[in-house]
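Notes to accompany the following structure.
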Amino acid sequence: MRILGIDPGLAIVGYSILDIEKDEHVLETSGSIQTDKNKTDSQRLLEIESDMQTIIDMYKPDIASIEKLFYFRNQKTIIPVAEARGVILSILEKNSVPIYEYTPMEVKQVITGYGRATKEEVAKIVELSVKYKRLPKLDDTLDSIAIALCYSRNNIFTGRN
């Protein structure tokens, strides 16, 4: 099974491709879509759509696991993040990629067993759980791996894998 993990944002979209083979989680690739802050929001959203389509075409994921918005402290960023997330959901739907959504708290709960785990605790579990050549340093990309891993672990427990 091939999972596309996505941490949505307008400035940075973290993504990862996680292959599940038996009980192994292999990181095929990971990266980020970073949009130019000097462009209009609509231009940035179009760039996200185009880059996501390229990723889908190149890696042909079986499913997508994406972070769900549930609460934001910074009210200035919630709308642009929601818009970027909407574009991503639309392109996934257009390509018939099944979508699974998880809040940050759900990801932390599934990954570490504690819904209020720190980024460092999540990163450590990801490092121990995933085979990789080089783990990314960018938080958004690392979060996308955790989101993909969340789908895998959650569905092992529910028997949907």
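Labels for the structure tokens follow display order: chains A, B, ..., residues from 1 in each chain, ligands from 1.
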What are the closest atom pairs, with distances in Å to one decimal, for all residues of region 59-134 of chain A lying within 9 Å of region 140-159 of chain A? Consider only C-alpha atoms, order rows by chain and residue number, and present the result as JSON lines.
```
{"residue": "A:Ala64", "atom": "CA", "partner": "A:Ala148", "partner_atom": "CA", "distance": 7.6}
{"residue": "A:Ser65", "atom": "CA", "partner": "A:Ala148", "partner_atom": "CA", "distance": 5.4}
{"residue": "A:Ile66", "atom": "CA", "partner": "A:Ile147", "partner_atom": "CA", "distance": 6.5}
{"residue": "A:Glu67", "atom": "CA", "partner": "A:Ile147", "partner_atom": "CA", "distance": 6.7}
{"residue": "A:Tyr100", "atom": "CA", "partner": "A:Tyr151", "partner_atom": "CA", "distance": 7.3}
{"residue": "A:Glu101", "atom": "CA", "partner": "A:Tyr151", "partner_atom": "CA", "distance": 8.6}
{"residue": "A:Tyr102", "atom": "CA", "partner": "A:Ile147", "partner_atom": "CA", "distance": 7.4}
{"residue": "A:Pro104", "atom": "CA", "partner": "A:Ile147", "partner_atom": "CA", "distance": 8.4}
{"residue": "A:Glu106", "atom": "CA", "partner": "A:Cys150", "partner_atom": "CA", "distance": 8.2}
{"residue": "A:Val107", "atom": "CA", "partner": "A:Cys150", "partner_atom": "CA", "distance": 5.6}
{"residue": "A:Lys108", "atom": "CA", "partner": "A:Ala146", "partner_atom": "CA", "distance": 8.3}
{"residue": "A:Gln109", "atom": "CA", "partner": "A:Cys150", "partner_atom": "CA", "distance": 8.9}
{"residue": "A:Val110", "atom": "CA", "partner": "A:Cys150", "partner_atom": "CA", "distance": 5.9}
{"residue": "A:Ile111", "atom": "CA", "partner": "A:Cys150", "partner_atom": "CA", "distance": 6.1}
{"residue": "A:Lys119", "atom": "CA", "partner": "A:Asp143", "partner_atom": "CA", "distance": 8.5}
{"residue": "A:Val122", "atom": "CA", "partner": "A:Ala146", "partner_atom": "CA", "distance": 7.3}
{"residue": "A:Ala123", "atom": "CA", "partner": "A:Leu142", "partner_atom": "CA", "distance": 7.0}
{"residue": "A:Ile125", "atom": "CA", "partner": "A:Ala146", "partner_atom": "CA", "distance": 8.7}
{"residue": "A:Val126", "atom": "CA", "partner": "A:Ala146", "partner_atom": "CA", "distance": 6.3}
{"residue": "A:Ser129", "atom": "CA", "partner": "A:Leu149", "partner_atom": "CA", "distance": 8.4}
{"residue": "A:Val130", "atom": "CA", "partner": "A:Leu149", "partner_atom": "CA", "distance": 8.4}
```
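When only C-alpha atoms are used to compute distances to Gln43 (chain A), the closest of the residues A:Val87, A:Ser30, A:Glu21, A:Pro136 turns out to be A:Val87.
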DSSP-assigned strand (DSSP E) members of region 8-153 of chain A, reported as a ChimeraX atom specification: /A:12-21,24-34,63-67,99-102
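Checking A:Glu120, A:Asp139, A:Asp62, A:Glu49 one by one against Gly86 (chain A), counting only C-alpha atoms, you find the shortest gap at A:Glu49.
Residues in contact with Lys60 (chain A) at 10 Å, where only C-alpha atoms are counted and same-chain residues fewer than 6 positions away are skipped, are listed as Arg2, Ile3, Leu4, Ile17, Gln53, Thr54, Asn95 and Val97 of chain A.
Atom pair CA of Leu45 (chain A) / CA of Leu135 (chain A) has a distance of 27.0 Å (rounded to one decimal).
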Top pick for closest residue to Glu24 (chain A), considering A:Lys37, A:Leu128, A:Lys137, A:Met105 and counting only C-alpha atoms: A:Leu128
Helix (DSSP H, G or I) residues, from DSSP on the backbone, in region 23-160 of chain A, as a VMD selection string: chain A and resid 41 to 59 75 to 94 104 to 112 119 to 129 139 to 158
Selection near Ile88 (chain A), 10 Å with only C-alpha atoms, sequence-local residues under 5 positions removed, as a list in words: Ile6, Pro8, Gly9, Val13, Leu45, Ile48, Glu49, Ser50, Asp51, Met52, Gln53, Ile66, Ala82, Glu83, Glu93 and Lys94 of chain A
Export of the given selection (C-alpha atoms) as a PDB file, in the first residue's frame:
```
ATOM      1  CA  ILE A   6      -0.013  15.689   3.639  1.00  0.00           C
ATOM      2  CA  PRO A   8      -1.410  21.404   4.363  1.00  0.00           C
ATOM      3  CA  GLY A   9      -0.513  25.074   4.346  1.00  0.00           C
ATOM      4  CA  VAL A  13       2.733  21.935   2.121  1.00  0.00           C
ATOM      5  CA  LEU A  45      -3.158  27.919  -4.596  1.00  0.00           C
ATOM      6  CA  ILE A  48      -0.165  23.860  -4.868  1.00  0.00           C
ATOM      7  CA  GLU A  49      -2.766  22.263  -7.136  1.00  0.00           C
ATOM      8  CA  SER A  50      -0.271  21.795  -9.976  1.00  0.00           C
ATOM      9  CA  ASP A  51       2.464  20.377  -7.729  1.00  0.00           C
ATOM     10  CA  MET A  52       0.022  18.001  -5.981  1.00  0.00           C
ATOM     11  CA  GLN A  53      -1.121  16.732  -9.375  1.00  0.00           C
ATOM     12  CA  ILE A  66      -4.180  14.637   5.489  1.00  0.00           C
ATOM     13  CA  ALA A  82      -8.163  26.092   4.928  1.00  0.00           C
ATOM     14  CA  GLU A  83      -8.055  27.344   1.325  1.00  0.00           C
ATOM     15  CA  GLU A  93     -11.003  13.793  -5.176  1.00  0.00           C
ATOM     16  CA  LYS A  94     -10.496  14.595  -8.868  1.00  0.00           C
TER      17      LYS A  94
END
```
Nearby residues (only C-alpha atoms) at most 9 Å from Arg44 (chain A), same-chain spacing under 3 positions excluded, as a PyMOL selection string: chain A and resi 10-11+34-37+39-41+47-49+84
